[in-house]
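**Student:** Data: upload38.txt, compact mmCIF, C-alpha atoms.
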```txt
# COMPACT_ATOMS: atom_id res chain seq x y z
CA MET A 892 -20.41 41.67 -67.31
CA SER A 893 -17.59 41.63 -69.88
CA THR A 894 -14.25 43.43 -69.50
CA LYS A 895 -15.36 45.95 -72.11
CA GLU A 896 -18.61 46.60 -70.26
CA ILE A 897 -16.85 47.34 -66.98
CA TYR A 898 -14.68 49.94 -68.76
CA LEU A 899 -17.81 51.51 -70.24
CA GLU A 900 -19.42 51.54 -66.79
CA ALA A 901 -16.29 53.30 -65.47
CA GLY A 902 -16.78 56.17 -67.91
CA ILE A 903 -14.76 55.12 -70.97
CA SER A 904 -16.66 55.50 -74.22
CA LYS A 905 -16.89 52.65 -76.72
CA GLU A 906 -14.76 54.59 -79.23
CA VAL A 907 -11.98 55.32 -76.75
CA TYR A 908 -11.93 51.72 -75.46
CA GLU A 909 -11.76 50.20 -78.95
CA PHE A 910 -9.05 52.65 -80.01
CA GLY A 911 -6.98 51.56 -77.02
CA GLU A 912 -7.47 47.87 -77.80
CA GLN A 913 -6.21 48.41 -81.35
CA ILE A 914 -3.03 49.99 -79.97
CA ILE A 915 -2.46 47.19 -77.42
CA GLU A 916 -2.74 44.54 -80.12
CA GLN A 917 0.33 46.07 -81.79
CA LEU A 918 2.41 46.08 -78.58
CA LYS A 919 2.67 42.39 -77.72
CA ASP A 920 6.35 42.11 -78.69
CA ARG A 921 7.28 45.28 -76.76
CA PHE A 922 5.46 44.04 -73.69
CA SER A 923 7.21 40.67 -73.92
CA GLU A 924 10.57 42.46 -73.88
CA VAL A 925 9.53 44.41 -70.78
CA ASP A 926 8.56 41.16 -69.05
CA HIS A 927 11.96 39.64 -69.86
CA ILE A 928 13.79 42.56 -68.21
CA ALA A 929 11.49 42.35 -65.18
CA GLU A 930 12.21 38.65 -64.77
CA TYR A 931 15.97 39.27 -64.83
CA ASN A 932 15.73 42.10 -62.29
CA GLN A 933 13.41 40.08 -60.07
CA MET A 934 16.05 37.37 -59.84
CA LYS A 935 18.72 39.99 -59.14
CA VAL A 936 16.77 41.34 -56.16
CA LEU A 937 15.89 37.86 -54.92
CA ARG A 938 19.49 36.69 -55.02
CA ALA A 939 20.65 39.77 -53.10
CA MET A 940 18.08 39.04 -50.38
CA GLN A 941 19.04 35.39 -50.19
CA LYS A 942 22.75 36.22 -50.06
CA ASN A 943 22.16 38.46 -47.05
CA ARG A 944 19.99 35.88 -45.27
CA VAL A 945 17.01 38.20 -44.87
CA CYS A 946 14.81 36.83 -42.08
CA ALA A 947 11.80 37.78 -39.97
CA GLU A 948 14.03 39.30 -37.30
CA HIS A 949 15.10 41.92 -39.83
CA PHE A 950 11.56 43.35 -39.80
CA ALA A 951 11.67 44.32 -36.12
CA ALA A 952 11.08 47.97 -35.23
CA THR A 953 13.74 50.14 -33.62
CA THR A 954 13.38 53.54 -31.99
CA GLY A 955 15.56 56.26 -30.53
CA TYR A 956 19.15 56.12 -31.73
CA GLY A 957 18.59 52.92 -33.70
CA TYR A 958 21.88 51.40 -32.57
CA ASN A 959 22.54 47.82 -33.74
CA ASP A 960 19.62 47.81 -36.17
CA ALA A 961 20.30 44.52 -37.95
CA GLY A 962 17.34 44.89 -40.34
CA ARG A 963 18.44 48.34 -41.47
CA ASP A 964 22.02 47.19 -41.99
CA ALA A 965 20.94 44.08 -43.93
CA LEU A 966 18.66 46.13 -46.19
CA GLU A 967 21.53 48.46 -47.05
CA GLN A 968 23.68 45.48 -47.94
CA VAL A 969 20.86 44.12 -50.13
CA TYR A 970 20.80 47.41 -52.05
CA ALA A 971 24.59 47.44 -52.36
CA ASP A 972 24.66 43.87 -53.67
CA CYS A 973 21.77 44.40 -56.08
CA PHE A 974 23.28 47.59 -57.51
CA HIS A 975 26.85 46.20 -57.37
CA THR A 976 28.29 48.91 -55.14
CA GLU A 977 30.59 48.85 -52.14
CA ALA A 978 28.06 50.38 -49.77
CA ALA A 979 24.56 51.83 -49.50
CA LEU A 980 22.59 54.28 -47.39
CA VAL A 981 18.85 53.46 -47.37
CA ARG A 982 16.92 55.49 -44.81
CA PRO A 983 13.44 56.74 -43.94
CA GLN A 984 15.19 59.88 -42.68
CA ILE A 985 15.80 60.78 -46.35
CA THR A 986 12.53 62.50 -47.15
CA CYS A 987 12.52 62.51 -50.95
CA GLY A 988 14.69 62.31 -54.07
CA THR A 989 15.66 65.99 -53.90
CA HIS A 990 16.74 65.50 -50.28
CA ALA A 991 18.84 62.45 -51.22
CA LEU A 992 20.57 64.45 -53.96
CA ALA A 993 21.11 67.42 -51.64
CA VAL A 994 22.68 65.12 -49.03
CA ALA A 995 25.00 63.59 -51.64
CA LEU A 996 26.08 66.94 -53.09
CA SER A 997 26.63 68.54 -49.69
CA ALA A 998 28.57 65.51 -48.47
CA ILE A 999 31.14 65.62 -51.27
CA LEU A 1000 31.48 69.30 -52.20
CA ARG A 1001 33.46 71.81 -50.17
CA PRO A 1002 33.91 75.61 -50.42
CA GLY A 1003 35.86 76.43 -53.57
CA ASP A 1004 34.73 73.28 -55.41
CA GLU A 1005 32.71 73.34 -58.59
CA LEU A 1006 29.73 71.18 -59.55
CA LEU A 1007 29.30 70.37 -63.24
CA SER A 1008 26.17 69.19 -65.03
CA PRO A 1009 27.13 67.94 -68.50
CA VAL A 1010 23.52 67.13 -69.47
CA GLY A 1011 21.91 70.55 -69.26
CA LYS A 1012 19.75 72.09 -66.55
CA PRO A 1013 18.83 69.78 -63.69
CA TYR A 1014 15.32 69.13 -62.41
CA ASP A 1015 13.55 72.25 -61.10
CA THR A 1016 13.75 71.41 -57.39
CA LEU A 1017 17.55 71.12 -57.58
CA GLU A 1018 17.90 74.71 -58.79
CA GLU A 1019 17.51 76.04 -55.25
CA VAL A 1020 19.75 73.32 -53.82
CA ILE A 1021 22.52 74.39 -56.20
CA GLY A 1022 21.79 78.10 -56.05
CA ILE A 1023 20.74 78.62 -59.68
CA ARG A 1024 17.75 80.23 -57.98
CA ASP A 1025 18.74 81.85 -54.70
CA SER A 1026 17.63 79.95 -51.61
CA ILE A 1027 18.70 79.71 -47.97
CA GLY A 1028 21.36 77.04 -47.49
CA SER A 1029 22.15 76.52 -51.17
CA LEU A 1030 25.55 75.28 -52.33
CA LYS A 1031 26.15 78.75 -53.74
CA GLU A 1032 25.98 80.20 -50.20
CA PHE A 1033 28.90 77.94 -49.28
CA ASN A 1034 31.02 79.22 -52.19
CA ILE A 1035 30.45 76.12 -54.31
CA SER A 1036 30.19 77.17 -57.94
CA TYR A 1037 28.14 75.55 -60.69
CA ALA A 1038 28.85 74.97 -64.37
CA GLN A 1039 26.57 73.54 -67.03
CA VAL A 1040 27.05 72.13 -70.51
CA ASP A 1041 23.88 71.70 -72.52
CA LEU A 1042 23.22 68.75 -74.76
CA LEU A 1043 23.65 69.33 -78.48
CA PRO A 1044 20.54 69.87 -80.64
CA ASP A 1045 20.47 66.15 -81.47
CA ASN A 1046 20.47 65.34 -77.71
CA SER A 1047 24.01 63.97 -77.81
CA PHE A 1048 26.74 65.00 -75.36
CA ASP A 1049 28.81 68.08 -76.15
CA TYR A 1050 32.10 66.35 -75.44
CA GLU A 1051 34.21 69.34 -76.49
CA GLY A 1052 32.17 71.65 -74.28
CA ILE A 1053 32.45 69.22 -71.36
CA LYS A 1054 36.21 68.98 -71.77
CA ASN A 1055 36.51 72.77 -71.77
CA ALA A 1056 34.24 73.08 -68.70
CA ILE A 1057 36.32 70.74 -66.54
CA ASN A 1058 38.91 72.63 -64.51
CA GLU A 1059 40.95 72.27 -61.34
CA ARG A 1060 37.90 73.18 -59.20
CA THR A 1061 35.63 70.52 -60.73
CA LYS A 1062 34.95 68.08 -57.90
CA LEU A 1063 31.68 66.36 -58.81
CA VAL A 1064 29.75 65.76 -62.02
CA THR A 1065 26.00 65.25 -61.66
CA ILE A 1066 24.27 63.27 -64.41
CA GLN A 1067 20.48 63.32 -64.43
CA ARG A 1068 19.29 60.13 -66.09
CA SER A 1069 15.66 61.14 -66.58
CA LYS A 1070 14.41 64.20 -68.42
CA GLY A 1071 12.74 66.07 -65.55
CA TYR A 1072 10.54 68.91 -66.84
CA ALA A 1073 12.46 69.02 -70.11
CA THR A 1074 11.71 67.47 -73.46
CA ARG A 1075 15.10 65.90 -74.02
CA LYS A 1076 15.54 62.15 -74.22
CA THR A 1077 16.26 60.07 -71.15
CA LEU A 1078 19.83 58.77 -71.01
CA SER A 1079 20.47 55.05 -71.38
CA VAL A 1080 22.82 53.33 -68.96
CA LYS A 1081 25.15 52.69 -71.90
CA GLU A 1082 25.27 56.41 -72.74
CA ILE A 1083 25.86 57.29 -69.10
CA GLY A 1084 28.76 54.83 -69.03
CA GLU A 1085 30.31 56.42 -72.11
CA LEU A 1086 30.00 59.89 -70.55
CA ILE A 1087 31.56 58.73 -67.26
CA SER A 1088 34.42 57.06 -69.13
CA PHE A 1089 35.09 60.31 -71.00
CA ILE A 1090 35.08 62.38 -67.81
CA LYS A 1091 37.32 59.92 -65.93
CA GLY A 1092 39.66 59.97 -68.91
CA ILE A 1093 40.19 63.68 -68.34
CA ARG A 1094 40.47 63.49 -64.55
CA ASN A 1095 40.03 60.19 -62.77
CA ASP A 1096 39.49 61.83 -59.35
CA ILE A 1097 36.23 63.55 -60.37
CA ILE A 1098 33.24 62.02 -58.56
CA CYS A 1099 30.47 61.01 -60.97
CA MET A 1100 27.01 60.99 -59.40
CA VAL A 1101 23.90 59.81 -61.24
CA ASP A 1102 20.40 60.97 -60.35
CA ASN A 1103 18.78 57.57 -60.93
CA CYS A 1104 15.20 58.64 -60.17
CA TYR A 1105 12.61 56.90 -62.37
CA GLY A 1106 15.27 54.65 -63.92
CA GLU A 1107 15.75 51.76 -61.50
CA PHE A 1108 14.97 48.31 -62.97
CA VAL A 1109 14.04 49.70 -66.38
CA GLU A 1110 17.17 48.08 -67.82
CA MET A 1111 19.15 45.03 -66.77
CA ILE A 1112 22.04 47.19 -65.59
CA GLU A 1113 22.26 50.37 -63.52
CA PRO A 1114 24.66 53.35 -63.77
CA SER A 1115 26.67 51.83 -60.91
CA ASP A 1116 27.55 49.00 -63.30
CA VAL A 1117 29.20 51.43 -65.73
CA GLY A 1118 31.42 53.52 -63.49
CA ALA A 1119 29.18 55.82 -61.42
CA ASP A 1120 30.67 56.60 -58.01
CA MET A 1121 27.19 57.22 -56.60
CA ILE A 1122 23.63 56.54 -57.72
CA VAL A 1123 20.85 58.34 -55.89
CA GLY A 1124 17.10 57.85 -55.80
CA SER A 1125 13.80 57.98 -53.96
CA LEU A 1126 11.92 55.06 -52.39
CA ILE A 1127 8.54 56.53 -53.35
CA LYS A 1128 9.61 56.02 -56.94
CA ASN A 1129 10.74 52.74 -58.55
CA PRO A 1130 12.70 50.91 -55.82
CA GLY A 1131 9.99 51.30 -53.17
CA GLY A 1132 7.59 49.22 -55.25
CA GLY A 1133 4.66 51.38 -54.15
CA LEU A 1134 4.91 50.10 -50.56
CA ALA A 1135 7.66 52.27 -49.08
CA PRO A 1136 5.91 55.22 -47.37
CA ILE A 1137 9.00 57.45 -47.41
CA GLY A 1138 12.75 57.23 -47.90
CA GLY A 1139 15.66 57.51 -50.26
CA TYR A 1140 18.89 55.74 -51.10
CA ILE A 1141 22.48 56.50 -52.00
CA CYS A 1142 24.58 53.61 -53.31
CA GLY A 1143 28.23 53.87 -54.26
CA THR A 1144 31.80 53.65 -53.11
CA LYS A 1145 32.32 53.20 -49.38
CA GLU A 1146 34.09 56.55 -49.16
CA CYS A 1147 31.21 58.41 -50.81
CA VAL A 1148 28.52 56.62 -48.80
CA ASP A 1149 30.38 57.23 -45.52
CA LYS A 1150 30.50 60.96 -46.28
CA CYS A 1151 26.79 60.96 -47.14
CA ALA A 1152 25.96 59.19 -43.86
CA TYR A 1153 27.90 61.79 -41.88
CA ARG A 1154 26.07 64.56 -43.70
CA LEU A 1155 22.65 62.92 -43.17
CA SER A 1156 23.14 62.37 -39.42
CA ALA A 1157 26.19 64.10 -37.90
CA PRO A 1158 29.97 63.93 -38.01
CA GLY A 1159 31.10 60.99 -35.91
CA LEU A 1160 27.69 59.27 -36.04
CA GLY A 1161 27.21 58.31 -39.70
CA GLN A 1162 25.32 55.09 -40.37
CA GLU A 1163 25.33 53.98 -36.74
CA VAL A 1164 22.20 56.01 -35.91
CA GLY A 1165 18.78 56.17 -37.51
CA ALA A 1166 15.88 54.10 -36.16
CA ASN A 1167 13.68 52.30 -38.68
CA LEU A 1168 10.44 53.09 -36.75
CA GLY A 1169 8.82 49.84 -37.85
CA ILE A 1170 8.65 50.45 -41.59
CA LEU A 1171 11.34 47.99 -42.72
CA PRO A 1172 8.80 45.36 -43.91
CA SER A 1173 7.48 47.83 -46.50
CA PHE A 1174 11.06 48.68 -47.56
CA TYR A 1175 12.00 45.03 -48.03
CA GLN A 1176 8.76 43.94 -49.68
CA GLY A 1177 8.59 47.05 -51.84
CA PHE A 1178 12.11 46.42 -53.13
CA PHE A 1179 11.21 42.79 -53.79
CA LEU A 1180 8.13 43.80 -55.81
CA ALA A 1181 9.82 46.72 -57.58
CA PRO A 1182 10.88 44.95 -60.81
CA THR A 1183 7.31 43.78 -61.45
CA VAL A 1184 5.78 47.13 -60.51
CA VAL A 1185 8.24 48.94 -62.78
CA SER A 1186 7.31 46.63 -65.66
CA GLY A 1187 3.64 47.63 -65.30
CA ALA A 1188 4.59 51.31 -65.29
CA LEU A 1189 6.75 50.78 -68.39
CA LYS A 1190 3.90 49.14 -70.27
CA GLY A 1191 1.70 52.09 -69.37
CA ALA A 1192 4.32 54.54 -70.67
CA ILE A 1193 4.69 52.61 -73.94
CA PHE A 1194 0.90 52.49 -74.32
CA ALA A 1195 0.64 56.25 -73.74
CA ALA A 1196 3.37 56.99 -76.29
CA ASN A 1197 1.61 54.95 -78.95
CA ILE A 1198 -1.84 56.38 -78.16
CA TYR A 1199 -0.84 60.03 -78.33
CA GLU A 1200 1.64 59.75 -81.18
CA LYS A 1201 -1.06 58.19 -83.32
CA LEU A 1202 -3.25 61.19 -82.49
CA GLY A 1203 -0.57 63.55 -83.82
CA PHE A 1204 1.08 64.81 -80.62
CA LYS A 1205 4.82 64.91 -80.03
CA VAL A 1206 5.78 62.27 -77.48
CA ILE A 1207 9.15 61.79 -75.75
CA PRO A 1208 10.29 59.08 -76.11
CA ASN A 1209 8.42 58.24 -79.29
CA SER A 1210 6.36 55.12 -79.82
CA THR A 1211 9.24 52.91 -80.99
CA GLU A 1212 12.28 54.18 -79.04
CA SER A 1213 13.89 52.05 -76.35
CA ARG A 1214 12.92 52.89 -72.77
CA HIS A 1215 15.32 54.10 -70.08
CA ASP A 1216 12.89 55.43 -67.47
CA ILE A 1217 9.19 55.19 -66.66
CA ILE A 1218 8.29 58.77 -67.63
CA GLN A 1219 6.32 59.55 -70.77
CA ALA A 1220 6.13 63.16 -71.93
CA VAL A 1221 3.38 64.40 -74.24
CA GLU A 1222 3.44 67.90 -75.72
CA PHE A 1223 -0.07 69.31 -76.08
CA GLY A 1224 0.87 72.89 -76.94
CA THR A 1225 -1.98 74.28 -74.81
CA PRO A 1226 -2.71 74.53 -71.07
CA GLU A 1227 -6.08 72.88 -71.70
CA GLY A 1228 -4.39 69.72 -72.96
CA VAL A 1229 -2.15 69.38 -69.90
CA ILE A 1230 -5.02 70.09 -67.49
CA SER A 1231 -7.46 67.68 -69.19
CA PHE A 1232 -4.85 64.89 -69.24
CA CYS A 1233 -4.13 65.29 -65.51
CA GLN A 1234 -7.82 65.40 -64.67
CA GLY A 1235 -8.24 62.09 -66.48
CA ILE A 1236 -5.40 60.49 -64.51
CA GLN A 1237 -6.95 61.73 -61.26
CA ALA A 1238 -10.35 60.36 -62.24
CA ALA A 1239 -8.80 56.92 -62.75
CA ALA A 1240 -7.21 56.81 -59.27
CA PRO A 1241 -8.23 54.45 -56.45
CA VAL A 1242 -7.80 57.33 -53.96
CA ASP A 1243 -9.36 60.80 -54.38
CA SER A 1244 -10.81 59.93 -57.78
CA TYR A 1245 -13.56 62.51 -57.18
CA VAL A 1246 -11.04 65.37 -56.85
CA THR A 1247 -10.39 67.73 -59.77
CA PRO A 1248 -6.71 68.84 -59.90
CA GLU A 1249 -5.91 72.42 -60.80
CA PRO A 1250 -2.58 74.24 -61.40
CA TRP A 1251 -1.02 75.93 -58.36
CA ASP A 1252 2.21 77.58 -57.23
CA MET A 1253 4.24 74.77 -55.68
CA PRO A 1254 7.42 75.23 -53.61
CA GLY A 1255 10.57 74.75 -55.69
CA TYR A 1256 9.00 75.55 -59.09
CA ASP A 1257 9.08 78.74 -61.15
CA SER A 1258 5.60 78.42 -62.68
CA PRO A 1259 2.21 76.97 -61.70
CA VAL A 1260 2.25 73.17 -61.74
CA ILE A 1261 -0.65 70.73 -62.00
CA MET A 1262 -0.30 67.36 -60.34
CA ALA A 1263 -2.60 64.36 -60.48
CA ALA A 1264 -2.02 61.51 -58.07
CA GLY A 1265 -4.67 59.52 -56.26
CA ALA A 1266 -2.00 57.57 -54.42
CA PHE A 1267 -1.80 55.39 -51.32
CA VAL A 1268 1.48 57.18 -50.52
CA GLN A 1269 1.39 60.96 -50.91
CA GLY A 1270 3.49 62.05 -53.89
CA SER A 1271 4.42 58.51 -54.87
CA SER A 1272 5.28 58.70 -58.55
CA ILE A 1273 5.62 54.95 -59.00
CA GLU A 1274 1.87 55.03 -58.50
CA LEU A 1275 -0.33 56.30 -61.34
CA SER A 1276 0.41 60.00 -61.61
CA ALA A 1277 0.89 62.87 -64.02
CA ASP A 1278 2.10 66.41 -63.69
CA GLY A 1279 3.48 69.31 -65.65
CA PRO A 1280 4.31 73.02 -65.47
CA ILE A 1281 1.81 75.37 -67.05
CA LYS A 1282 4.26 76.96 -69.46
CA PRO A 1283 5.35 76.32 -73.08
CA PRO A 1284 5.60 73.82 -74.67
CA TYR A 1285 2.77 72.70 -72.35
CA ALA A 1286 4.02 69.17 -71.88
CA VAL A 1287 2.59 66.67 -69.43
CA TYR A 1288 4.70 64.01 -67.74
CA PHE A 1289 2.99 60.70 -67.05
CA GLN A 1290 4.45 57.93 -64.94
CA GLY A 1291 3.66 55.01 -62.71
CA GLY A 1292 0.91 52.53 -62.19
CA LEU A 1293 1.32 49.76 -59.63
CA THR A 1294 -0.19 47.39 -62.20
CA TRP A 1295 -0.31 47.51 -65.97
CA TYR A 1296 -4.11 47.34 -65.90
CA HIS A 1297 -4.38 50.43 -63.76
CA ALA A 1298 -1.92 52.29 -66.00
CA LYS A 1299 -4.04 51.26 -69.00
CA PHE A 1300 -7.21 52.60 -67.40
CA GLY A 1301 -5.46 55.86 -66.49
CA ILE A 1302 -4.37 56.47 -70.08
CA LEU A 1303 -7.82 55.66 -71.44
CA MET A 1304 -9.39 58.05 -68.93
CA SER A 1305 -6.90 60.79 -69.84
CA LEU A 1306 -7.92 60.39 -73.46
CA GLN A 1307 -11.59 60.41 -72.48
CA LYS A 1308 -11.20 63.74 -70.66
CA LEU A 1309 -9.41 65.25 -73.67
CA VAL A 1310 -12.32 64.16 -75.86
CA ASP A 1311 -14.93 65.40 -73.37
CA ASN A 1312 -13.20 68.80 -73.14
CA ASN A 1313 -12.97 69.10 -76.94
CA VAL A 1314 -9.17 69.10 -76.97
CA ILE A 1315 -9.28 66.02 -79.20
CA ASN A 1316 -11.90 65.39 -81.84
CA LEU A 1317 -13.56 62.01 -81.39
CA GLU A 1318 -13.43 61.49 -85.16
CA ASN A 1319 -9.61 61.36 -85.00
CA LEU A 1320 -9.82 58.04 -83.15
CA SER A 1321 -11.11 56.27 -86.22
CA LYS A 1322 -8.45 57.56 -88.61
```
Just give me the structure as structure tokens.

**Tutor:**
Amino acid sequence: MSTKEIYLEAGISKEVYEFGEQIIEQLKDRFSEVDHIAEYNQMKVLRAMQKNRVCAEHFAATTGYGYNDAGRDALEQVYADCFHTEAALVRPQITCGTHALAVALSAILRPGDELLSPVGKPYDTLEEVIGIRDSIGSLKEFNISYAQVDLLPDNSFDYEGIKNAINERTKLVTIQRSKGYATRKTLSVKEIGELISFIKGIRNDIICMVDNCYGEFVEMIEPSDVGADMIVGSLIKNPGGGLAPIGGYICGTKECVDKCAYRLSAPGLGQEVGANLGILPSFYQGFFLAPTVVSGALKGAIFAANIYEKLGFKVIPNSTESRHDIIQAVEFGTPEGVISFCQGIQAAAPVDSYVTPEPWDMPGYDSPVIMAAGAFVQGSSIELSADGPIKPPYAVYFQGGLTWYHAKFGILMSLQKLVDNNVINLENLSK
């Protein structure tokens, strides 16, 4: 059986398969560039592990308080060295990216302080953390105010607006690298560095925190290389490499990380407690594999952008723009487009491929959301997944794929479902 035949057997039509192959033929140079970045980042991770003399003893399980956990401490130093920071907090007790961000914000901000977002509205699940939408335990309940400066229509920073928004109460600036459920561009590390430099030029004591979710290992440098005091992320996204079953990280200055550790555990305890419960091998190996896994996800995102742009849909980023995260947004303009796309991604999964996803009211969101993810780790968005809110402009957000070949199949299946559901005319594939 040929490669083409096995795709046909899996439910991809001849027309869809051949359309995809035409697109891939045009992407060889882009894919080569992705491989070059992955090779550099692989060496960066490897050197950090070698420097810290990672050994089999570091994989031992600890329970209870987790005192003297050498494996946990070594892993945190590996993260710090790889991301060029003074310290790191890498823990299974951090449940997700939103939790990591909430820990970081709560650790630094005090009553009377103000939080500023100079890149527009943050991701939906942070709205309740901040208090944009009322919720129990929000920063707003602790008299921490929030200010926001939107990006300009051309997606550039509103430097004048940012300057005017900074005041004596401004304590922390949060910079979301990825787009979230918005259709703005993702910020490059270079752009983030320029923004941080501008903010520090106004007041050098302002803490600059970057939500680095979906961005790790996409470029050769990270926001911590360009002045960020903290970078924050989830281990079930890029840095977990698809193996970490839970967890999050905060890397940054020692002062910031110490405060975050005290907030995560308890005052006086900090990083000294927190058993690893036997999952350190997946943390270490996942981090080691992450640059290669991210490269496969990036190729899938580039492939999706080129597929759907050629079919006439708005894609963010577009087919030729440089990449700064693994997320690909596609605007369909109709609920049927978003739903069909997600059903295709689900049908391509190794787990729960027989399940049909439908929109539902999820905690933390203000509209029904559809999510497709047949993942080995629940909610892991470094694995092949897609999701989107069922509201205008009816955009879907695709990300992940532990291998390029799985990401390819997922995109082809998403296109197949759109054709089968008459959202896309099959004749358009030959134009």

**Student:** Atom CA of A:Glu1249 to atom CA of A:Gln1234: how many Å, to one decimal?

**Tutor:**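 Pair atom CA of A:Glu1249 / atom CA of A:Gln1234 returns 8.2 Å.
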
**Student:** Would you compute the distance between atom CA of A:Cys1233 and atom CA of A:Ala1277? Give it in Å to one decimal.

**Tutor:**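 Pair atom CA of A:Cys1233 / atom CA of A:Ala1277 returns 5.8 Å.
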
**Student:** Under the rule that all atoms listed in the file are counted, which of A:Asn1197, A:Asn959, A:Thr1077, A:Ser1008 is the nearest residue to A:Thr1061?

**Tutor:** A:Ser1008

**Student:** I'd like a table as JSON lines: residues in stretch 1178-1245 of chain A with an atom no more than 10 Å from stretch 1261-1268 of chain A, each row giving the shortest atom pair and its distance in Å to one decimal, all atoms listed in the file counted, sorted by chain and rising residue number.

**Tutor:**
```
{"residue": "A:Val1229", "atom": "CA", "partner": "A:Ile1261", "partner_atom": "CA", "distance": 8.2}
{"residue": "A:Ile1230", "atom": "CA", "partner": "A:Ile1261", "partner_atom": "CA", "distance": 7.0}
{"residue": "A:Phe1232", "atom": "CA", "partner": "A:Ala1263", "partner_atom": "CA", "distance": 9.1}
{"residue": "A:Cys1233", "atom": "CA", "partner": "A:Ala1263", "partner_atom": "CA", "distance": 5.3}
{"residue": "A:Gln1234", "atom": "CA", "partner": "A:Ala1263", "partner_atom": "CA", "distance": 6.8}
{"residue": "A:Gly1235", "atom": "CA", "partner": "A:Ala1263", "partner_atom": "CA", "distance": 8.5}
{"residue": "A:Ile1236", "atom": "CA", "partner": "A:Ala1263", "partner_atom": "CA", "distance": 6.2}
{"residue": "A:Gln1237", "atom": "CA", "partner": "A:Ala1263", "partner_atom": "CA", "distance": 5.1}
{"residue": "A:Ala1238", "atom": "CA", "partner": "A:Gly1265", "partner_atom": "CA", "distance": 8.3}
{"residue": "A:Ala1239", "atom": "CA", "partner": "A:Gly1265", "partner_atom": "CA", "distance": 8.1}
{"residue": "A:Ala1240", "atom": "CA", "partner": "A:Gly1265", "partner_atom": "CA", "distance": 4.8}
{"residue": "A:Pro1241", "atom": "CA", "partner": "A:Gly1265", "partner_atom": "CA", "distance": 6.2}
{"residue": "A:Val1242", "atom": "CA", "partner": "A:Gly1265", "partner_atom": "CA", "distance": 4.5}
{"residue": "A:Asp1243", "atom": "CA", "partner": "A:Gly1265", "partner_atom": "CA", "distance": 5.2}
{"residue": "A:Ser1244", "atom": "CA", "partner": "A:Gly1265", "partner_atom": "CA", "distance": 6.3}
{"residue": "A:Tyr1245", "atom": "CA", "partner": "A:Gly1265", "partner_atom": "CA", "distance": 9.4}
```

**Student:** Quick one: contact table of stretch 959-1063 of chain A to stretch 1121-1137 of chain A, 8 Å max, nearest atom pair and distance in Å to one decimal per residue, counting all atoms listed in the file, chain and number order, as a Markdown table?

**Tutor:**
```
| residue | atom | partner | partner_atom | distance |
| --- | --- | --- | --- | --- |
| A:Pro983 | CA | A:Ile1137 | CA | 5.7 |
| A:Ile985 | CA | A:Ile1137 | CA | 7.6 |
| A:Thr986 | CA | A:Ile1137 | CA | 6.2 |
| A:Cys987 | CA | A:Ser1125 | CA | 5.6 |
| A:Gly988 | CA | A:Ser1125 | CA | 4.4 |
| A:Ala991 | CA | A:Val1123 | CA | 6.5 |
| A:Leu992 | CA | A:Val1123 | CA | 6.4 |
| A:Ala995 | CA | A:Val1123 | CA | 7.9 |
```

**Student:** Could you tell me which of A:Ser1026, A:Asn1095, A:Ser1156, A:Ser1088 comes closest to A:Gln984 if we count only C-alpha atoms?

**Tutor:**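 Closest to A:Gln984 of all the choices is A:Ser1156.
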
**Student:** Interatomic distance between atom CA of A:Asn1034 and atom CA of A:Glu1005?

**Tutor:**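 Between atom CA of A:Asn1034 and atom CA of A:Glu1005 the gap works out to 8.9 Å.
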
**Student:** Which one of A:Pro1259, A:Asp1116, A:Cys1142, A:His1215 sits closest to A:Gln1067 if you count only C-alpha atoms?

**Tutor:**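 Residue with the minimum atom-to-atom distance to A:Gln1067: A:His1215.
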
**Student:** Identify the residues around (19.3, 65.1, -80.2) within a radius of 12 Å, measuring from all atoms listed in the file in the coordinates stated by the file, and give them as a count of residues only.

**Tutor:** 17

**Student:** Could you tell me which of A:Pro1254, A:Gly1139, A:Gly1291, A:Pro1284 comes closest to A:Gln1219 if we count only C-alpha atoms?

**Tutor:** A:Gly1291

**Student:** Closest to A:Ile1066 among A:Ile1023, A:Leu1006, A:Ala929, A:Ile1112, using all atoms listed in the file?

**Tutor:**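 Nearest candidate to A:Ile1066 out of A:Ile1023, A:Leu1006, A:Ala929, A:Ile1112: A:Leu1006.
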
**Student:** Please put the answer as AutoDock Vina command-line options: centre and edge lengths, in Å with one decimal, of a box along x, y and z that encloses all listed atoms of stretch 920-938 of chain A plus 6 Å on each side.

**Tutor:**
```
--center_x 12.5 --center_y 41.0 --center_z -66.8 --size_x 26.0 --size_y 20.6 --size_z 35.8
```

**Student:** List the spatial neighbours of A:Gly1028 as a list in words - criterion: any atom at most 12 Å away, only C-alpha atoms, same-chain residues fewer than 5 positions off excluded.

**Tutor:**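 Skipping anything fewer than 5 positions along the chain leaves Ala993, Ser997, Glu1019, Val1020, Ile1021, Gly1022, Phe1033, Asn1034 and Ile1035 of chain A.
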
**Student:** Rank nothing, just name the residue among A:Cys1104, A:Ala978, A:Leu1000, A:Phe1204 nearest to A:Val1148, using all atoms listed in the file.

**Tutor:**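 Ranked by minimum distance to A:Val1148, first place goes to A:Ala978.
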